[in-house]
Amino acid sequence: MIFAVAAPLSELLSFGDQGYGDEMFWGAVKSVEIAFFAYAFGLFLGLFGAVGKLSGGPILKMVLEGYTTIVRAVPELVLILLLYYAGTDGINGLLKLVGQNPIEVNGLVAAILVLGFVQGAYSTEVLRAAIQAVPLGQIEAAKAYGMSAFGQFRRIVLPAMLPNAIPGLANLWLNVTKDSALISVVGFTELALATRQAAGVSKQYFVLYLVAQAIYLSISLSSTFLFARLERFVRRGQPKLA
(Lines give C-alpha, C1' and ligand atoms only; values in the text may rest on other atoms or scores of the structure.)
Protein backbone atom coordinates (compact mmCIF):
# COMPACT_ATOMS: atom_id res chain seq x y z
CA MET A 1 0.00 0.00 0.00
CA ILE A 2 1.30 3.45 -0.93
CA PHE A 3 0.76 6.29 1.52
CA ALA A 4 0.68 9.94 0.47
CA VAL A 5 3.43 11.99 2.04
CA ALA A 6 2.14 15.10 3.75
CA ALA A 7 3.68 18.35 2.63
CA PRO A 8 5.76 20.25 5.20
CA LEU A 9 3.81 22.82 7.17
CA SER A 10 5.98 25.64 5.83
CA GLU A 11 5.12 24.63 2.29
CA LEU A 12 1.45 24.03 3.06
CA LEU A 13 1.08 27.52 4.54
CA SER A 14 3.31 29.32 2.07
CA PHE A 15 2.03 32.18 -0.06
CA GLY A 16 1.66 31.61 -3.77
CA ASP A 17 0.55 28.77 -6.00
CA GLN A 18 2.18 26.03 -3.91
CA GLY A 19 0.58 26.83 -0.56
CA TYR A 20 -2.60 28.05 1.06
CA GLY A 21 -1.21 30.67 3.43
CA ASP A 22 -2.45 33.60 1.36
CA GLU A 23 -5.96 32.18 1.06
CA MET A 24 -6.19 31.60 4.81
CA PHE A 25 -4.64 34.98 5.61
CA TRP A 26 -7.11 36.90 3.49
CA GLY A 27 -9.91 34.71 4.79
CA ALA A 28 -8.94 35.73 8.33
CA VAL A 29 -8.86 39.39 7.26
CA LYS A 30 -12.36 39.05 5.82
CA SER A 31 -13.58 37.36 9.02
CA VAL A 32 -12.30 40.23 11.16
CA GLU A 33 -13.72 42.77 8.70
CA ILE A 34 -17.16 41.15 8.80
CA ALA A 35 -17.05 40.89 12.58
CA PHE A 36 -15.96 44.52 13.08
CA PHE A 37 -18.60 46.14 10.88
CA ALA A 38 -21.36 43.74 12.00
CA TYR A 39 -20.46 44.49 15.61
CA ALA A 40 -20.58 48.24 14.97
CA PHE A 41 -23.93 47.93 13.17
CA GLY A 42 -25.23 45.77 16.00
CA LEU A 43 -24.17 48.37 18.57
CA PHE A 44 -26.04 51.05 16.64
CA LEU A 45 -29.18 48.91 16.58
CA GLY A 46 -28.66 47.93 20.20
CA LEU A 47 -28.38 51.52 21.40
CA PHE A 48 -31.55 52.47 19.52
CA GLY A 49 -33.29 49.36 20.83
CA ALA A 50 -32.22 49.95 24.44
CA VAL A 51 -33.36 53.57 24.44
CA GLY A 52 -36.60 52.59 22.70
CA LYS A 53 -37.34 49.87 25.23
CA LEU A 54 -36.72 52.21 28.14
CA SER A 55 -38.38 55.39 26.93
CA GLY A 56 -40.33 54.59 23.76
CA GLY A 57 -44.07 54.35 23.28
CA PRO A 58 -46.11 51.17 23.73
CA ILE A 59 -46.01 50.20 20.04
CA LEU A 60 -42.25 50.73 19.76
CA LYS A 61 -41.65 48.75 22.93
CA MET A 62 -43.79 45.90 21.59
CA VAL A 63 -41.93 45.85 18.26
CA LEU A 64 -38.54 45.88 19.99
CA GLU A 65 -39.61 43.18 22.42
CA GLY A 66 -40.65 40.99 19.49
CA TYR A 67 -37.35 41.71 17.69
CA THR A 68 -35.13 40.76 20.62
CA THR A 69 -37.23 37.73 21.56
CA ILE A 70 -37.40 36.21 18.08
CA VAL A 71 -33.77 36.84 17.16
CA ARG A 72 -32.45 35.43 20.42
CA ALA A 73 -34.73 32.40 20.19
CA VAL A 74 -33.89 31.33 16.62
CA PRO A 75 -30.45 29.80 15.84
CA GLU A 76 -28.09 32.20 14.09
CA LEU A 77 -27.61 29.87 11.13
CA VAL A 78 -31.35 29.75 10.43
CA LEU A 79 -31.57 33.55 10.67
CA ILE A 80 -28.62 34.01 8.33
CA LEU A 81 -30.15 31.75 5.69
CA LEU A 82 -33.58 33.33 6.11
CA LEU A 83 -32.42 36.95 6.02
CA TYR A 84 -29.92 36.40 3.21
CA TYR A 85 -32.13 34.54 0.78
CA ALA A 86 -35.53 35.96 1.77
CA GLY A 87 -34.05 39.46 1.97
CA THR A 88 -32.52 39.17 -1.48
CA ASP A 89 -35.76 37.84 -2.96
CA GLY A 90 -37.73 40.61 -1.24
CA ILE A 91 -35.49 43.36 -2.61
CA ASN A 92 -35.61 41.95 -6.12
CA GLY A 93 -39.38 41.53 -5.85
CA LEU A 94 -39.77 45.21 -5.00
CA LEU A 95 -37.45 46.19 -7.85
CA LYS A 96 -39.51 44.09 -10.24
CA LEU A 97 -42.68 45.86 -9.15
CA VAL A 98 -41.21 49.24 -10.03
CA GLY A 99 -39.82 47.99 -13.34
CA GLN A 100 -36.16 47.72 -12.34
CA ASN A 101 -33.75 44.89 -13.05
CA PRO A 102 -32.90 42.51 -10.20
CA ILE A 103 -29.62 43.03 -8.39
CA GLU A 104 -27.06 40.68 -6.94
CA VAL A 105 -26.49 41.48 -3.29
CA ASN A 106 -22.82 41.97 -2.39
CA GLY A 107 -21.72 39.08 -0.18
CA LEU A 108 -19.70 41.22 2.22
CA VAL A 109 -22.47 43.78 2.68
CA ALA A 110 -25.06 41.03 3.17
CA ALA A 111 -22.86 39.29 5.75
CA ILE A 112 -22.38 42.52 7.72
CA LEU A 113 -26.09 43.42 7.65
CA VAL A 114 -27.28 39.94 8.60
CA LEU A 115 -24.83 39.44 11.45
CA GLY A 116 -25.34 43.03 12.58
CA PHE A 117 -29.10 42.48 12.71
CA VAL A 118 -28.56 39.43 14.91
CA GLN A 119 -26.03 41.27 17.09
CA GLY A 120 -28.44 44.15 17.53
CA ALA A 121 -30.88 42.02 19.50
CA TYR A 122 -28.24 40.94 21.99
CA SER A 123 -26.72 44.42 22.19
CA THR A 124 -30.14 45.84 22.98
CA GLU A 125 -30.43 43.76 26.13
CA VAL A 126 -26.83 44.35 27.23
CA LEU A 127 -27.13 48.13 26.84
CA ARG A 128 -30.62 48.25 28.35
CA ALA A 129 -29.39 46.52 31.50
CA ALA A 130 -26.34 48.80 31.67
CA ILE A 131 -28.47 51.94 31.35
CA GLN A 132 -30.86 50.71 34.05
CA ALA A 133 -27.86 50.26 36.37
CA VAL A 134 -27.14 54.02 36.26
CA PRO A 135 -28.33 55.62 39.53
CA LEU A 136 -31.58 57.48 38.84
CA GLY A 137 -30.55 60.33 41.14
CA GLN A 138 -27.69 61.29 38.81
CA ILE A 139 -30.07 61.62 35.86
CA GLU A 140 -32.56 63.61 37.90
CA ALA A 141 -29.79 65.95 39.05
CA ALA A 142 -28.76 66.51 35.42
CA LYS A 143 -32.36 67.34 34.52
CA ALA A 144 -32.55 69.74 37.47
CA TYR A 145 -29.51 71.58 36.10
CA GLY A 146 -31.32 71.98 32.78
CA MET A 147 -29.03 69.65 30.87
CA SER A 148 -30.32 68.55 27.45
CA ALA A 149 -31.20 64.91 26.74
CA PHE A 150 -28.06 64.49 24.64
CA GLY A 151 -25.97 66.16 27.34
CA GLN A 152 -27.44 63.83 29.97
CA PHE A 153 -26.52 60.82 27.87
CA ARG A 154 -23.01 62.02 26.99
CA ARG A 155 -21.98 63.33 30.39
CA ILE A 156 -23.96 61.18 32.82
CA VAL A 157 -25.43 58.00 31.33
CA LEU A 158 -22.61 56.95 28.98
CA PRO A 159 -19.70 57.19 31.48
CA ALA A 160 -21.78 55.44 34.16
CA MET A 161 -23.10 52.64 31.94
CA LEU A 162 -19.86 51.70 30.16
CA PRO A 163 -18.27 49.83 33.09
CA ASN A 164 -21.38 47.67 33.33
CA ALA A 165 -21.77 47.20 29.58
CA ILE A 166 -18.21 46.34 28.53
CA PRO A 167 -18.10 42.73 29.87
CA GLY A 168 -21.30 41.88 27.99
CA LEU A 169 -20.17 43.74 24.87
CA ALA A 170 -16.86 41.89 24.98
CA ASN A 171 -18.73 38.59 24.93
CA LEU A 172 -20.79 39.78 21.97
CA TRP A 173 -17.60 40.65 20.08
CA LEU A 174 -16.17 37.19 20.71
CA ASN A 175 -19.45 35.67 19.54
CA VAL A 176 -19.53 37.65 16.30
CA THR A 177 -15.94 36.68 15.45
CA LYS A 178 -17.05 33.05 15.64
CA ASP A 179 -20.42 33.64 13.99
CA SER A 180 -18.60 35.10 10.98
CA ALA A 181 -17.80 31.48 10.08
CA LEU A 182 -21.53 30.85 9.52
CA ILE A 183 -21.47 33.20 6.54
CA SER A 184 -19.64 30.47 4.62
CA VAL A 185 -23.02 28.73 4.11
CA VAL A 186 -24.04 31.47 1.66
CA GLY A 187 -20.79 31.12 -0.28
CA PHE A 188 -18.83 34.12 1.02
CA THR A 189 -15.17 33.27 1.41
CA GLU A 190 -13.92 34.01 4.91
CA LEU A 191 -11.57 31.97 7.10
CA ALA A 192 -13.85 28.95 7.57
CA LEU A 193 -14.65 28.57 3.88
CA ALA A 194 -11.07 29.28 2.81
CA THR A 195 -9.87 26.57 5.20
CA ARG A 196 -12.46 24.08 3.95
CA GLN A 197 -11.51 24.72 0.34
CA ALA A 198 -7.78 24.42 1.06
CA ALA A 199 -8.30 21.23 3.06
CA GLY A 200 -10.46 19.75 0.32
CA VAL A 201 -7.72 20.27 -2.27
CA SER A 202 -4.72 19.32 -0.13
CA LYS A 203 -6.48 16.64 1.97
CA GLN A 204 -4.64 18.03 5.01
CA TYR A 205 -7.80 18.48 7.02
CA PHE A 206 -6.34 18.08 10.49
CA VAL A 207 -3.40 20.44 9.94
CA LEU A 208 -5.32 23.21 8.21
CA TYR A 209 -8.26 23.16 10.60
CA LEU A 210 -5.79 23.20 13.50
CA VAL A 211 -4.20 26.31 11.98
CA ALA A 212 -7.64 27.91 11.55
CA GLN A 213 -8.40 27.12 15.18
CA ALA A 214 -5.15 28.80 16.22
CA ILE A 215 -6.11 31.90 14.21
CA TYR A 216 -9.54 32.12 15.85
CA LEU A 217 -7.93 31.59 19.26
CA SER A 218 -5.38 34.36 18.65
CA ILE A 219 -8.20 36.74 17.66
CA SER A 220 -10.09 35.86 20.84
CA LEU A 221 -7.07 36.22 23.13
CA SER A 222 -6.02 39.57 21.68
CA SER A 223 -9.62 40.81 21.83
CA THR A 224 -9.94 39.72 25.47
CA PHE A 225 -6.75 41.61 26.31
CA LEU A 226 -7.96 44.79 24.59
CA PHE A 227 -11.38 44.70 26.23
CA ALA A 228 -9.75 44.14 29.63
CA ARG A 229 -7.61 47.24 29.07
CA LEU A 230 -10.68 49.19 27.99
CA GLU A 231 -12.62 48.11 31.07
CA ARG A 232 -9.76 49.16 33.35
CA PHE A 233 -9.72 52.54 31.60
CA VAL A 234 -13.43 53.24 32.03
CA ARG A 235 -13.29 52.03 35.64
CA ARG A 236 -10.40 54.34 36.54
CA GLY A 237 -11.04 56.09 39.82
CA GLN A 238 -13.50 53.46 40.99
CA PRO A 239 -12.70 51.39 44.09
CA LYS A 240 -11.40 47.92 43.26
CA LEU A 241 -13.26 44.90 44.55
CA ALA A 242 -11.26 42.64 46.83
# chains A, B, ... in the order shown; residues from 1 in each chain; ligands from 1
call {"tool": "residues_around", "arguments": {"residues": "segment 156-171 of chain A", "least_positions_apart": "5", "cutoff": "8 Å", "atoms": "only C-alpha atoms", "output": "count of residues only"}}
result
18
call {"tool": "closest_atom_pairs", "arguments": {"of": "segment 146-188 of chain A", "to": "segment 74-83 of chain A", "cutoff": "12 Å", "atoms": "only C-alpha atoms", "output": "Markdown table"}}
result
| residue | atom | partner | partner_atom | distance |
| --- | --- | --- | --- | --- |
| A:Asn175 | CA | A:Glu76 | CA | 10.8 |
| A:Val176 | CA | A:Glu76 | CA | 10.4 |
| A:Lys178 | CA | A:Glu76 | CA | 11.2 |
| A:Asp179 | CA | A:Glu76 | CA | 7.8 |
| A:Ser180 | CA | A:Glu76 | CA | 10.4 |
| A:Ala181 | CA | A:Leu77 | CA | 10.0 |
| A:Leu182 | CA | A:Leu77 | CA | 6.4 |
| A:Ile183 | CA | A:Ile80 | CA | 7.4 |
| A:Ser184 | CA | A:Leu77 | CA | 10.3 |
| A:Val185 | CA | A:Leu81 | CA | 7.9 |
| A:Val186 | CA | A:Leu81 | CA | 7.3 |
| A:Gly187 | CA | A:Leu81 | CA | 11.1 |
call {"tool": "write_last_selection", "arguments": {"atoms": "N, CA and C atoms", "output": "PDB file, in the first residue's frame"}}
result
ATOM      1  N   ASN A 175     -18.438  36.464  20.239  1.00  0.00           N
ATOM      2  CA  ASN A 175     -19.452  35.667  19.538  1.00  0.00           C
ATOM      3  C   ASN A 175     -19.497  35.995  18.050  1.00  0.00           C
ATOM      4  N   VAL A 176     -19.417  37.286  17.704  1.00  0.00           N
ATOM      5  CA  VAL A 176     -19.534  37.646  16.295  1.00  0.00           C
ATOM      6  C   VAL A 176     -18.290  37.232  15.515  1.00  0.00           C
ATOM      7  N   LYS A 178     -16.796  34.463  15.946  1.00  0.00           N
ATOM      8  CA  LYS A 178     -17.046  33.051  15.635  1.00  0.00           C
ATOM      9  C   LYS A 178     -18.229  32.897  14.683  1.00  0.00           C
ATOM     10  N   ASP A 179     -19.251  33.722  14.871  1.00  0.00           N
ATOM     11  CA  ASP A 179     -20.422  33.638  13.989  1.00  0.00           C
ATOM     12  C   ASP A 179     -20.090  34.025  12.551  1.00  0.00           C
ATOM     13  N   SER A 180     -18.994  34.749  12.348  1.00  0.00           N
ATOM     14  CA  SER A 180     -18.600  35.095  10.978  1.00  0.00           C
ATOM     15  C   SER A 180     -18.361  33.843  10.140  1.00  0.00           C
ATOM     16  N   ALA A 181     -18.010  32.735  10.809  1.00  0.00           N
ATOM     17  CA  ALA A 181     -17.800  31.478  10.081  1.00  0.00           C
ATOM     18  C   ALA A 181     -19.093  30.954   9.475  1.00  0.00           C
ATOM     19  N   LEU A 182     -20.249  31.329  10.048  1.00  0.00           N
ATOM     20  CA  LEU A 182     -21.527  30.850   9.523  1.00  0.00           C
ATOM     21  C   LEU A 182     -21.849  31.437   8.156  1.00  0.00           C
ATOM     22  N   ILE A 183     -21.212  32.566   7.831  1.00  0.00           N
ATOM     23  CA  ILE A 183     -21.468  33.201   6.540  1.00  0.00           C
ATOM     24  C   ILE A 183     -20.983  32.323   5.386  1.00  0.00           C
ATOM     25  N   SER A 184     -20.126  31.359   5.680  1.00  0.00           N
ATOM     26  CA  SER A 184     -19.637  30.471   4.619  1.00  0.00           C
ATOM     27  C   SER A 184     -20.771  29.680   3.967  1.00  0.00           C
ATOM     28  N   VAL A 185     -21.916  29.517   4.673  1.00  0.00           N
ATOM     29  CA  VAL A 185     -23.019  28.728   4.108  1.00  0.00           C
ATOM     30  C   VAL A 185     -23.673  29.431   2.923  1.00  0.00           C
ATOM     31  N   VAL A 186     -23.483  30.750   2.798  1.00  0.00           N
ATOM     32  CA  VAL A 186     -24.044  31.471   1.656  1.00  0.00           C
ATOM     33  C   VAL A 186     -22.970  31.728   0.600  1.00  0.00           C
ATOM     34  N   GLY A 187     -21.804  31.082   0.764  1.00  0.00           N
ATOM     35  CA  GLY A 187     -20.789  31.121  -0.277  1.00  0.00           C
ATOM     36  C   GLY A 187     -19.800  32.254  -0.189  1.00  0.00           C
TER      37      GLY A 187
END
call {"tool": "residues_around", "arguments": {"residues": "Leu64 of chain A", "least_positions_apart": "5", "cutoff": "8 Å", "atoms": "only C-alpha atoms", "output": "VMD selection string"}}
result
chain A and resid 49 52 to 53
call {"tool": "closest_residue", "arguments": {"among": "A:Thr195, A:Gln18, A:Thr177, A:Gln132", "to": "Val51 of chain A", "atoms": "only C-alpha atoms"}}
result
A:Gln132
